[in-house]
Amino acid sequence: MKPPPFEHHAPETPAEAVEVLSRTAEDAKVLAGGQSLIPLLNMRLAAPGHLVDINRLTSLDTLEVTAEGVRVGALARHARVEHSEEAARAQPLLRAALRQVAHPVIRNRGTVVGSLAHADPSAELPAVLALLEGTVEAVSSGGRRVIPAAEFFAGPLESSLRPGELATAAFFPVSPPRSGTAFAEVARRHGDYAMAGAAALVTLDDDQRVRLAKVAYLSVAATPLVLDLTAVLGHRPPVTCDWAAAAAYAREHIDTDEDIHASADYRRHLAGVLTERVLRTAAQEAL
């Protein structure tokens with residue numbers, strides 16, 4: 001299939017990109033890795049009049065790791081972040097999730113920020129950003145703003161980026177001390193979109209009792225869904241936690257739809273199974 005006609009722009013600097021976006025606004029799409037956008041164009045599910053190709057903006061090809069977290073520039077590819085030992089030490093959940101993203105050939109080209117901006121509720125990285133309470137940085141002719149994950153995902157394939165804005169980076173905070181993380185998903189085949197997926201963060205206190213337990217879900221709601229299960233588990237050591245109760249709570253509080261991949265009941269069942277699995281693993285990592 002062929003994409004609809006569009007005008008291709010290849011800015012050399014972020015300022016040039018913002019200038020083009022400010023002129024073209026709602027009739028423009030940003031092209032970075034293109035692993036989500038190009039199929040949409042080819043299937044005529046998107047028909048922008050302007051394509052703003054940011055692959056020449058080398059200043060956005062960054063990966064910075066600090067004591068606070070991992071900052072990923074808009075041109076950093078999935079594979080670069082996945083294989084970064086420094087990033088994995090700072091936030092292991094990033095690597096765990098990225099290994100589930102499609103296939104290596106896709107990860108070699110696709111970008112982390114592009115995946116977030118695409119805002120697919122079946123994608124892995126939006127759930128990770130939501131769980132960690134990360135942020136997305138965006139610039140426009142009006143200046144720069146930092147968007148919390150809780151405000152960034154507005155609906156299926158819909159972010160809160162405004163017309164004329166360019167997403168320049170995403171920030172994934174490190175987990176608190178004495179924390180563990182885990183990621184798991186179920187798909188028909190490895191690399192397919194997950195029928196359901198879950199990412200967990202468990203933090204223990206000084207007495208090794210659960211202080212915080214959260215799970216973020218993909219492929220179960222219109223946006224990444226985060227459940228705080230701390231109260232369900234109680235302030236207990238992991239060995240005495242009722243993981244089944246947490247799974248039951250998740251099933252009760254997930255309102256999902258049926259599609260060609262799974263029925264709503266099966267998807268809720270999977271969410272419960274994955275809840276128990278990732279919580280157990282994250283708690284073990286925290287010990």
# chains A, B, ... in the order shown; residues from 1 in each chain; ligands from 1
>>> closest_atom_pairs(of="range 95-156 of chain A", to="range 16-37 of chain A", cutoff="9 Å", atoms="only C-alpha atoms", output="tab-separated table")
residue	atom	partner	partner_atom	distance
A:Ile106	CA	A:Gln35	CA	6.8
A:Arg107	CA	A:Gln35	CA	8.9
A:Asn108	CA	A:Gly33	CA	8.8
A:Arg109	CA	A:Gly33	CA	5.2
A:Gly110	CA	A:Gly33	CA	4.3
A:Thr111	CA	A:Gly33	CA	5.5
A:Val113	CA	A:Ala32	CA	8.9
A:Gly114	CA	A:Ala32	CA	6.7
A:Ser115	CA	A:Ser36	CA	7.7
A:His118	CA	A:Ser36	CA	7.3
A:Val139	CA	A:Val18	CA	7.3
A:Ser140	CA	A:Val18	CA	5.6
A:Ser141	CA	A:Val18	CA	6.4
>>> closest_atom_pairs(of="range 208-233 of chain A", to="range 79-97 of chain A", cutoff="12 Å", atoms="only C-alpha atoms", output="tab-separated table")
residue	atom	partner	partner_atom	distance
A:Ala216	CA	A:Leu93	CA	11.8
A:Tyr217	CA	A:Ala97	CA	12.0
A:Leu218	CA	A:Ala97	CA	11.2
>>> write_last_selection(atoms="N, CA and C atoms", output="compact mmCIF listing (two decimals), in the first residue's frame")
# COMPACT_ATOMS: atom_id res chain seq x y z
N ALA A 216 1.27 -1.44 36.81
CA ALA A 216 0.75 -0.76 35.63
C ALA A 216 0.44 -1.80 34.57
N TYR A 217 -0.66 -1.59 33.84
CA TYR A 217 -1.13 -2.57 32.87
C TYR A 217 -1.14 -2.00 31.46
N LEU A 218 -0.85 -2.85 30.50
CA LEU A 218 -1.00 -2.51 29.10
C LEU A 218 -1.98 -3.46 28.45
>>> select_by_dssp(residues="range 49-161 of chain A", states="alpha helix (DSSP H)", output="ChimeraX atom specification")
/A:78-82,85-90,92-98,104-107,112-118,124-132,149-152
>>> closest_atom_pairs(of="range 176-224 of chain A", to="range 241-248 of chain A", cutoff="10 Å", atoms="only C-alpha atoms", output="JSON lines")
{"residue": "A:Arg209", "atom": "CA", "partner": "A:Cys241", "partner_atom": "CA", "distance": 9.5}
{"residue": "A:Val210", "atom": "CA", "partner": "A:Cys241", "partner_atom": "CA", "distance": 8.6}
{"residue": "A:Ala213", "atom": "CA", "partner": "A:Ala246", "partner_atom": "CA", "distance": 9.8}
{"residue": "A:Val215", "atom": "CA", "partner": "A:Ala246", "partner_atom": "CA", "distance": 10.0}
>>> residues_around(residues="Ala46 in chain A", least_positions_apart="4", cutoff="9 Å", atoms="only C-alpha atoms", output="number ranges by chain")
A: 3-4, 37, 40-42
>>> closest_residue(among="A:Arg99, A:Ala138, A:Thr168, A:Pro11", to="His190 in chain A", atoms="only C-alpha atoms")
A:Arg99
>>> residues_around(residues="Pro121 in chain A", least_positions_apart="6", cutoff="12 Å", atoms="only C-alpha atoms", output="ChimeraX atom specification")
/A:115,127-130,153-159,193-198,216-225,256
